[in-house]
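Dumped protein19.cif below, it's mmCIF, C-alpha atoms:
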data_protein
#
loop_
_atom_site.label_atom_id
_atom_site.label_comp_id
_atom_site.auth_asym_id
_atom_site.auth_seq_id
_atom_site.Cartn_x
_atom_site.Cartn_y
_atom_site.Cartn_z
CA MET B 55 103.40 125.19 94.35
CA SER B 56 105.85 122.36 93.84
CA TYR B 57 106.13 119.43 96.25
CA LYS B 58 109.43 117.65 96.87
CA ILE B 59 109.89 114.16 98.29
CA ALA B 60 113.02 112.17 99.12
CA VAL B 61 113.23 108.49 98.21
CA LEU B 62 115.46 106.07 100.15
CA ALA B 63 116.02 102.37 99.53
CA ASP B 64 118.01 99.54 101.04
CA ILE B 65 119.28 101.07 104.27
CA HIS B 66 120.28 97.54 105.32
CA GLY B 67 120.99 98.25 108.97
CA ASN B 68 123.64 100.90 108.26
CA HIS B 69 123.00 103.64 110.82
CA GLU B 70 126.11 105.62 109.90
CA ALA B 71 124.99 106.00 106.30
CA LEU B 72 121.42 106.75 107.32
CA LYS B 73 122.47 109.55 109.68
CA SER B 74 124.42 111.24 106.90
CA VAL B 75 121.55 111.05 104.43
CA LEU B 76 118.94 112.34 106.87
CA LYS B 77 121.24 115.22 107.81
CA HIS B 78 121.65 116.00 104.11
CA ILE B 79 117.89 115.87 103.52
CA ASP B 80 117.09 118.00 106.56
CA GLY B 81 119.72 120.50 105.48
CA THR B 82 117.93 121.20 102.20
CA GLY B 83 114.92 122.51 104.09
CA ASP B 84 112.48 121.84 101.25
CA VAL B 85 111.75 118.08 101.38
CA GLU B 86 108.12 117.61 102.43
CA HIS B 87 108.11 113.85 102.97
CA ILE B 88 110.42 110.82 102.78
CA TYR B 89 109.53 107.46 101.27
CA CYS B 90 111.59 104.45 102.36
CA LEU B 91 111.45 101.55 99.92
CA GLY B 92 112.21 98.59 102.17
CA ASP B 93 115.13 96.53 103.45
CA LEU B 94 115.46 98.72 106.50
CA ILE B 95 117.36 95.90 108.23
CA GLY B 96 119.56 92.92 107.40
CA VAL B 97 123.09 92.86 105.92
CA GLY B 98 124.09 95.66 108.31
CA TYR B 99 123.92 94.92 112.01
CA GLN B 100 122.81 98.32 113.39
CA THR B 101 119.19 97.20 113.40
CA ASN B 102 117.96 98.93 116.53
CA GLU B 103 119.76 102.20 115.84
CA VAL B 104 118.29 102.34 112.32
CA LEU B 105 114.75 101.54 113.41
CA ASP B 106 114.90 103.96 116.31
CA LYS B 107 116.03 106.74 113.97
CA LEU B 108 113.40 105.98 111.32
CA PHE B 109 110.44 105.35 113.60
CA SER B 110 111.13 108.44 115.70
CA ARG B 111 110.23 110.66 112.75
CA ASN B 112 106.74 111.48 111.53
CA ASP B 113 107.73 112.41 107.97
CA ILE B 114 108.63 108.94 106.64
CA SER B 115 106.41 106.36 104.95
CA PHE B 116 107.61 102.78 104.45
CA VAL B 117 107.17 99.71 102.31
CA ARG B 118 108.41 96.26 103.29
CA GLY B 119 111.50 94.63 101.78
CA ASN B 120 112.56 90.99 101.54
CA HIS B 121 115.06 91.27 104.42
CA ASP B 122 112.43 92.90 106.62
CA GLN B 123 110.05 90.07 105.81
CA ASP B 124 112.62 87.31 106.40
CA VAL B 125 113.42 88.64 109.86
CA LEU B 126 109.72 88.92 110.69
CA SER B 127 109.15 85.34 109.47
CA ILE B 128 111.83 84.08 111.87
CA ILE B 129 110.30 86.05 114.74
CA ASP B 130 106.91 84.52 113.92
CA GLY B 131 108.37 81.00 113.92
CA GLU B 132 108.06 80.62 110.15
CA LYS B 133 110.66 79.61 107.57
CA PRO B 134 112.23 82.64 105.85
CA ASN B 135 113.02 82.72 102.15
CA SER B 136 116.71 83.18 102.92
CA LYS B 137 119.04 80.18 102.96
CA GLY B 138 122.46 79.15 104.22
CA GLU B 139 124.66 81.91 105.63
CA GLU B 140 122.02 84.51 104.84
CA ARG B 141 119.46 82.67 106.95
CA GLU B 142 121.95 82.37 109.81
CA HIS B 143 122.51 86.12 109.51
CA HIS B 144 118.76 86.80 109.63
CA HIS B 145 118.40 84.65 112.76
CA TRP B 146 121.16 86.73 114.39
CA ILE B 147 119.42 89.98 113.38
CA ALA B 148 116.10 88.69 114.74
CA SER B 149 117.64 87.63 118.05
CA ASN B 150 119.17 91.09 118.54
CA LEU B 151 116.11 93.08 117.49
CA ASN B 152 114.48 95.22 120.17
CA PRO B 153 110.98 93.67 120.52
CA SER B 154 109.39 97.11 120.79
CA PHE B 155 110.01 97.62 117.05
CA ILE B 156 108.20 94.45 115.94
CA PRO B 157 104.64 95.86 115.82
CA LYS B 158 105.78 98.76 113.65
CA LEU B 159 107.67 96.42 111.31
CA ARG B 160 104.59 94.22 111.01
CA SER B 161 102.46 97.22 110.11
CA ILE B 162 104.57 98.11 107.06
CA PRO B 163 102.75 97.28 103.78
CA TYR B 164 104.29 95.90 100.60
CA THR B 165 103.02 98.77 98.44
CA LEU B 166 101.95 102.37 98.84
CA ARG B 167 100.02 104.51 96.38
CA ARG B 168 99.98 108.27 96.70
CA GLN B 169 98.79 111.30 94.76
CA ILE B 170 101.44 114.02 94.88
CA ASN B 171 100.42 117.33 93.31
CA GLY B 172 97.98 115.42 91.14
CA VAL B 173 100.57 112.86 89.98
CA SER B 174 100.03 109.19 90.88
CA PHE B 175 102.92 107.33 92.54
CA LEU B 176 103.49 103.66 93.33
CA PHE B 177 106.10 102.80 95.96
CA LEU B 178 107.32 99.22 96.46
CA HIS B 179 110.53 97.38 97.29
CA TYR B 180 110.74 95.58 93.95
CA HIS B 181 108.61 94.19 91.18
CA MET B 182 106.09 91.58 92.29
CA LYS B 183 103.84 89.02 90.64
CA LYS B 184 101.69 89.19 93.73
CA GLU B 185 102.26 90.01 97.38
CA PRO B 186 104.52 88.96 99.00
CA GLN B 187 106.50 87.37 96.15
CA PHE B 188 109.23 89.57 94.66
CA LEU B 189 110.49 88.78 91.18
CA PRO B 190 114.15 87.78 90.69
CA VAL B 191 116.48 90.74 90.18
CA ASN B 192 116.85 91.79 86.57
CA TYR B 193 120.51 92.80 86.32
CA ASP B 194 120.06 94.26 82.83
CA PRO B 195 116.90 96.37 83.14
CA SER B 196 115.44 98.32 80.25
CA ILE B 197 112.45 100.53 79.62
CA ASP B 198 110.96 97.78 77.44
CA GLU B 199 111.06 95.27 80.31
CA LEU B 200 109.60 97.77 82.75
CA GLU B 201 106.81 98.65 80.33
CA LYS B 202 105.87 94.97 80.09
CA LEU B 203 105.84 94.57 83.87
CA TYR B 204 103.73 97.66 84.48
CA HIS B 205 101.53 97.87 81.40
CA HIS B 206 98.40 97.62 83.57
CA GLU B 207 99.73 100.03 86.20
CA GLN B 208 97.99 103.42 86.25
CA SER B 209 100.63 105.18 88.36
CA LYS B 210 102.75 107.68 86.47
CA VAL B 211 105.79 107.25 88.74
CA VAL B 212 106.99 103.87 90.02
CA CYS B 213 109.65 103.94 92.75
CA PHE B 214 111.47 100.79 93.84
CA GLY B 215 114.77 99.54 95.26
CA HIS B 216 116.22 96.03 95.90
CA HIS B 217 118.62 96.16 92.94
CA HIS B 218 121.27 98.38 94.51
CA VAL B 219 122.10 100.52 91.47
CA VAL B 220 120.37 103.67 90.26
CA HIS B 221 117.56 103.32 87.72
CA HIS B 222 116.10 106.27 85.84
CA PHE B 223 113.89 105.07 82.99
CA LYS B 224 111.03 106.97 81.39
CA ASN B 225 108.73 106.89 78.41
CA ASP B 226 105.89 109.15 77.29
CA HIS B 227 103.62 108.23 80.19
CA GLN B 228 105.65 106.66 83.02
CA LEU B 229 108.78 107.23 85.07
CA PHE B 230 110.68 104.44 86.88
CA ILE B 231 113.07 105.39 89.69
CA ASN B 232 115.46 103.38 91.86
CA PRO B 233 117.52 105.74 94.05
CA GLY B 234 120.26 103.13 94.61
CA ALA B 235 121.20 101.53 97.91
CA LEU B 236 121.62 103.89 100.83
CA GLY B 237 123.39 101.41 103.11
CA CYS B 238 125.42 99.18 100.77
CA SER B 239 128.18 100.50 98.56
CA HIS B 240 131.76 99.72 97.61
CA ASN B 241 132.46 103.43 98.18
CA PRO B 242 132.07 105.50 101.36
CA THR B 243 128.91 107.14 100.06
CA ALA B 244 125.18 106.74 100.67
CA GLN B 245 122.67 107.18 97.85
CA TYR B 246 119.21 108.68 97.72
CA ALA B 247 117.01 110.65 95.32
CA THR B 248 114.60 113.55 95.38
CA ILE B 249 111.56 113.96 93.16
CA THR B 250 109.95 117.37 92.74
CA VAL B 251 106.44 117.56 91.30
CA GLY B 252 105.45 120.95 89.97
CA ASP B 253 101.97 122.39 90.16
CA LYS B 254 101.44 121.52 86.49
CA GLY B 255 102.56 117.91 86.99
CA ASN B 256 106.09 118.41 85.68
CA ILE B 257 108.62 116.15 87.41
CA ASN B 258 112.28 116.75 88.22
CA THR B 259 114.49 114.04 89.70
CA SER B 260 117.89 114.44 91.35
CA PHE B 261 120.25 111.74 92.61
CA PHE B 262 122.72 112.19 95.47
CA GLU B 263 125.75 110.38 96.85
CA VAL B 264 126.36 111.57 100.39
CA PRO B 265 129.85 110.91 101.83
CA TYR B 266 130.19 109.32 105.25
CA ASP B 267 132.89 107.55 107.25
CA PRO B 268 132.14 103.79 107.33
CA THR B 269 135.25 102.79 109.31
CA ASP B 270 133.66 102.03 112.67
CA PHE B 271 130.63 100.41 111.03
CA LEU B 272 132.74 98.06 108.92
CA GLN B 273 135.08 97.15 111.78
CA GLY B 274 132.04 96.25 113.88
CA TYR B 275 131.34 93.15 111.79
CA GLU B 276 134.43 91.47 113.17
CA GLN B 277 134.06 92.86 116.67
CA LEU B 278 130.50 91.52 116.94
CA GLN B 279 131.22 88.33 114.96
CA VAL B 280 128.26 89.01 112.69
CA PRO B 281 127.27 85.86 110.77
CA ALA B 282 128.12 85.89 107.04
CA ARG B 283 130.46 88.85 107.65
CA ASP B 284 133.10 87.76 105.12
CA PHE B 285 130.51 87.42 102.36
CA ILE B 286 128.84 90.69 103.32
CA LEU B 287 132.04 92.73 103.55
CA THR B 288 133.27 91.44 100.20
CA ASN B 289 130.07 91.62 98.19
CA PHE B 290 128.26 94.60 99.69
CA TYR B 291 131.14 96.85 100.78
CA GLY B 292 134.04 95.85 98.54
CA ASN B 293 136.30 95.06 101.48
CA GLN B 294 136.68 98.75 102.32
CA HIS B 295 137.61 97.74 105.87
CA ILE B 296 140.95 96.29 104.76
CA LYS B 297 142.02 99.10 102.44
#

Written as structure tokens, that's how I'd like the structure from this file.
Amino acid sequence: MSYKIAVLADIHGNHEALKSVLKHIDGTGDVEHIYCLGDLIGVGYQTNEVLDKLFSRNDISFVRGNHDQDVLSIIDGEKPNSKGEEREHHHWIASNLNPSFIPKLRSIPYTLRRQINGVSFLFLHYHMKKEPQFLPVNYDPSIDELEKLYHHEQSKVVCFGHHHVVHHFKNDHQLFINPGALGCSHNPTAQYATITVGDKGNINTSFFEVPYDPTDFLQGYEQLQVPARDFILTNFYGNQHIK
């Protein structure tokens, strides 16, 4: 029998988008498990709503993203990798985080390896030299670059996020998938992907853009005076709130 998973990335504290995607996934009735590729929080301000929704389910596995780690670093009294307005934003997120979620956040690993219907998968937030150091974003990815990065990697399917656009690269022996950002878009849609592994190891991938209404979410930045809101609304949401 085939086995279908859903892959989410970069929720970024957007509970409205997350609700729409989970409703869409649940409505299919055939997704066996969900893999969340990090950056659960940060950028968006609905931290507690997002974590409550995610952690209340028993069908989701997680890897840690850079925003998750920066917020945890602040909570632990350490210096985050973020700077300037972004660091101020992370301090605000940390100060408004429900402490009951901290142990679960701390327990999230940087990588997960799974065998799904006999096919090996690697899940991570983004490419790394070594934990916990993510490589800079490659804004012009190619199969050649990915082959170089993962030439020692035995997993047949590598799933990652961080770069907020869809990736679908494959060669004769590996498949590289980025489902796109669920919580950050210049359009009122939330992205995710499904991967179906057949009983003979054949793989089918589908990408989805789920519509949702971001109006209240976007207006909340001003109402709550979220730090770095002008930068965030312009660069991550395309100023949809003023259209």

Exercise for review: Using the chain letters and residue numbers of this document, give as number ranges by chain the residues selected by the PyMOL selection byres ((chain B and resi 245) around 10).
Suggested key: B: 61-65, 71-72, 75, 218-220, 233-239, 243-244, 246-247, 261-265

Check your understanding: Could you pull the residues within 8 Å of His240 (chain B), counting all atoms listed in the file, minus those fewer than 3 positions along the same chain, as number ranges by chain?
Key -> B: 290-294

Each residue of region 145-262 of chain B lying at most 7 Å from region 104-128 of chain B should get a row with its shortest atom-to-atom pair and the distance in Å to one decimal, counting all atoms listed in the file; could you produce that, ordered by chain and increasing number, as a Markdown table?
| residue | atom | partner | partner_atom | distance |
| --- | --- | --- | --- | --- |
| B:His145 | CA | B:Ile128 | CA | 6.7 |
| B:Ala148 | CA | B:Val125 | CA | 5.6 |
| B:Ile162 | CA | B:Val117 | CA | 5.6 |
| B:Pro163 | CA | B:Val117 | CA | 5.3 |
| B:Tyr164 | CA | B:Arg118 | CA | 4.9 |
| B:Thr165 | CA | B:Val117 | CA | 5.8 |
| B:Leu166 | CA | B:Val117 | CA | 6.8 |
| B:Leu178 | CA | B:Val117 | CA | 5.9 |
| B:His179 | CA | B:Gly119 | CA | 5.4 |

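With only C-alpha atoms as the atoms that count, the residue of B:Thr101, B:Asn232, B:Gln279, B:Gln169 with the shortest distance to Leu151 (chain B) is B:Thr101.
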
Practice item. Tell me which of B:His217, B:Asn225, B:Asp284, B:Ile296 sits closest to Pro190 (chain B), counting only C-alpha atoms. Key: B:His217

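Compared by their closest atoms to Val251 (chain B), and using all atoms listed in the file, the residues B:Arg168, B:His69, B:Lys184, B:Lys58 rank with B:Lys58 nearest.
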
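CA of Phe177 (chain B) is positioned 24.6 Å from CA of His144 (chain B).
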
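CA of Val211 (chain B) is positioned 5.8 Å from CA of Gln228 (chain B).
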
Is it possible to add all heavy atoms to region 255-266 of chain B and hand it back as a PDB file, in the frame of the given file?
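Generated file (part_37.pdb):
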ATOM      1  N   GLY B 255     102.274 119.321  87.171  1.00  0.00           N
ATOM      2  CA  GLY B 255     102.560 117.910  86.990  1.00  0.00           C
ATOM      3  C   GLY B 255     103.924 117.609  86.411  1.00  0.00           C
ATOM      4  O   GLY B 255     104.248 116.447  86.159  1.00  0.00           O
ATOM      5  N   ASN B 256     104.727 118.642  86.179  1.00  0.00           N
ATOM      6  CA  ASN B 256     106.090 118.410  85.680  1.00  0.00           C
ATOM      7  C   ASN B 256     106.933 117.805  86.801  1.00  0.00           C
ATOM      8  O   ASN B 256     106.761 118.127  87.980  1.00  0.00           O
ATOM      9  CB  ASN B 256     106.712 119.696  85.178  1.00  0.00           C
ATOM     10  CG  ASN B 256     106.618 120.834  86.184  1.00  0.00           C
ATOM     11  OD1 ASN B 256     105.518 121.166  86.635  1.00  0.00           O
ATOM     12  ND2 ASN B 256     107.758 121.433  86.523  1.00  0.00           N
ATOM     13  N   ILE B 257     107.849 116.917  86.428  1.00  0.00           N
ATOM     14  CA  ILE B 257     108.620 116.150  87.410  1.00  0.00           C
ATOM     15  C   ILE B 257     110.113 116.345  87.180  1.00  0.00           C
ATOM     16  O   ILE B 257     110.601 116.198  86.051  1.00  0.00           O
ATOM     17  CB  ILE B 257     108.270 114.643  87.310  1.00  0.00           C
ATOM     18  CG1 ILE B 257     106.794 114.429  87.625  1.00  0.00           C
ATOM     19  CG2 ILE B 257     109.143 113.815  88.256  1.00  0.00           C
ATOM     20  CD1 ILE B 257     106.316 113.010  87.336  1.00  0.00           C
ATOM     21  N   ASN B 258     110.825 116.647  88.257  1.00  0.00           N
ATOM     22  CA  ASN B 258     112.280 116.750  88.220  1.00  0.00           C
ATOM     23  C   ASN B 258     112.878 115.804  89.253  1.00  0.00           C
ATOM     24  O   ASN B 258     112.444 115.796  90.410  1.00  0.00           O
ATOM     25  CB  ASN B 258     112.727 118.186  88.510  1.00  0.00           C
ATOM     26  CG  ASN B 258     112.360 119.146  87.397  1.00  0.00           C
ATOM     27  OD1 ASN B 258     112.717 118.929  86.239  1.00  0.00           O
ATOM     28  ND2 ASN B 258     111.631 120.205  87.732  1.00  0.00           N
ATOM     29  N   THR B 259     113.862 115.030  88.825  1.00  0.00           N
ATOM     30  CA  THR B 259     114.490 114.040  89.700  1.00  0.00           C
ATOM     31  C   THR B 259     115.981 114.352  89.844  1.00  0.00           C
ATOM     32  O   THR B 259     116.654 114.676  88.866  1.00  0.00           O
ATOM     33  CB  THR B 259     114.332 112.623  89.120  1.00  0.00           C
ATOM     34  OG1 THR B 259     112.945 112.360  88.905  1.00  0.00           O
ATOM     35  CG2 THR B 259     114.890 111.581  90.068  1.00  0.00           C
ATOM     36  N   SER B 260     116.463 114.246  91.085  1.00  0.00           N
ATOM     37  CA  SER B 260     117.890 114.440  91.350  1.00  0.00           C
ATOM     38  C   SER B 260     118.397 113.254  92.167  1.00  0.00           C
ATOM     39  O   SER B 260     117.689 112.740  93.034  1.00  0.00           O
ATOM     40  CB  SER B 260     118.136 115.738  92.131  1.00  0.00           C
ATOM     41  OG  SER B 260     117.719 116.866  91.393  1.00  0.00           O
ATOM     42  N   PHE B 261     119.632 112.847  91.903  1.00  0.00           N
ATOM     43  CA  PHE B 261     120.250 111.740  92.610  1.00  0.00           C
ATOM     44  C   PHE B 261     121.466 112.251  93.380  1.00  0.00           C
ATOM     45  O   PHE B 261     122.213 113.094  92.884  1.00  0.00           O
ATOM     46  CB  PHE B 261     120.674 110.637  91.633  1.00  0.00           C
ATOM     47  CG  PHE B 261     119.517 109.994  90.915  1.00  0.00           C
ATOM     48  CD1 PHE B 261     119.074 110.496  89.694  1.00  0.00           C
ATOM     49  CD2 PHE B 261     118.874 108.894  91.459  1.00  0.00           C
ATOM     50  CE1 PHE B 261     118.007 109.915  89.038  1.00  0.00           C
ATOM     51  CE2 PHE B 261     117.813 108.307  90.809  1.00  0.00           C
ATOM     52  CZ  PHE B 261     117.366 108.814  89.595  1.00  0.00           C
ATOM     53  N   PHE B 262     121.650 111.701  94.595  1.00  0.00           N
ATOM     54  CA  PHE B 262     122.720 112.190  95.470  1.00  0.00           C
ATOM     55  C   PHE B 262     123.562 111.021  95.982  1.00  0.00           C
ATOM     56  O   PHE B 262     123.043 109.922  96.221  1.00  0.00           O
ATOM     57  CB  PHE B 262     122.127 112.933  96.673  1.00  0.00           C
ATOM     58  CG  PHE B 262     121.316 114.138  96.290  1.00  0.00           C
ATOM     59  CD1 PHE B 262     119.953 114.017  96.064  1.00  0.00           C
ATOM     60  CD2 PHE B 262     121.916 115.378  96.143  1.00  0.00           C
ATOM     61  CE1 PHE B 262     119.195 115.121  95.707  1.00  0.00           C
ATOM     62  CE2 PHE B 262     121.162 116.494  95.790  1.00  0.00           C
ATOM     63  CZ  PHE B 262     119.795 116.361  95.576  1.00  0.00           C
ATOM     64  N   GLU B 263     124.848 111.287  96.152  1.00  0.00           N
ATOM     65  CA  GLU B 263     125.750 110.380  96.850  1.00  0.00           C
ATOM     66  C   GLU B 263     126.368 111.162  97.999  1.00  0.00           C
ATOM     67  O   GLU B 263     127.192 112.056  97.782  1.00  0.00           O
ATOM     68  CB  GLU B 263     126.839 109.849  95.901  1.00  0.00           C
ATOM     69  CG  GLU B 263     126.309 108.922  94.822  1.00  0.00           C
ATOM     70  CD  GLU B 263     127.420 108.282  94.014  1.00  0.00           C
ATOM     71  OE1 GLU B 263     128.613 108.583  94.289  1.00  0.00           O
ATOM     72  OE2 GLU B 263     127.115 107.503  93.108  1.00  0.00           O
ATOM     73  N   VAL B 264     125.952 110.820  99.203  1.00  0.00           N
ATOM     74  CA  VAL B 264     126.360 111.570 100.390  1.00  0.00           C
ATOM     75  C   VAL B 264     127.554 110.868 101.028  1.00  0.00           C
ATOM     76  O   VAL B 264     127.478 109.685 101.376  1.00  0.00           O
ATOM     77  CB  VAL B 264     125.205 111.654 101.408  1.00  0.00           C
ATOM     78  CG1 VAL B 264     125.632 112.457 102.634  1.00  0.00           C
ATOM     79  CG2 VAL B 264     123.970 112.272 100.758  1.00  0.00           C
ATOM     80  N   PRO B 265     128.678 111.550 101.205  1.00  0.00           N
ATOM     81  CA  PRO B 265     129.850 110.910 101.830  1.00  0.00           C
ATOM     82  C   PRO B 265     129.630 110.680 103.325  1.00  0.00           C
ATOM     83  O   PRO B 265     128.952 111.457 103.999  1.00  0.00           O
ATOM     84  CB  PRO B 265     130.975 111.921 101.588  1.00  0.00           C
ATOM     85  CG  PRO B 265     130.289 113.231 101.416  1.00  0.00           C
ATOM     86  CD  PRO B 265     128.958 112.938 100.788  1.00  0.00           C
ATOM     87  N   TYR B 266     130.188 109.587 103.815  1.00  0.00           N
ATOM     88  CA  TYR B 266     130.190 109.320 105.250  1.00  0.00           C
ATOM     89  C   TYR B 266     131.405 108.451 105.560  1.00  0.00           C
ATOM     90  O   TYR B 266     132.014 107.862 104.655  1.00  0.00           O
ATOM     91  CB  TYR B 266     128.894 108.634 105.704  1.00  0.00           C
ATOM     92  CG  TYR B 266     128.789 107.167 105.357  1.00  0.00           C
ATOM     93  CD1 TYR B 266     128.983 106.182 106.330  1.00  0.00           C
ATOM     94  CD2 TYR B 266     128.501 106.747 104.054  1.00  0.00           C
ATOM     95  CE1 TYR B 266     128.892 104.831 106.016  1.00  0.00           C
ATOM     96  CE2 TYR B 266     128.402 105.404 103.736  1.00  0.00           C
ATOM     97  CZ  TYR B 266     128.596 104.452 104.713  1.00  0.00           C
ATOM     98  OH  TYR B 266     128.516 103.110 104.395  1.00  0.00           O
TER      99      TYR B 266
END
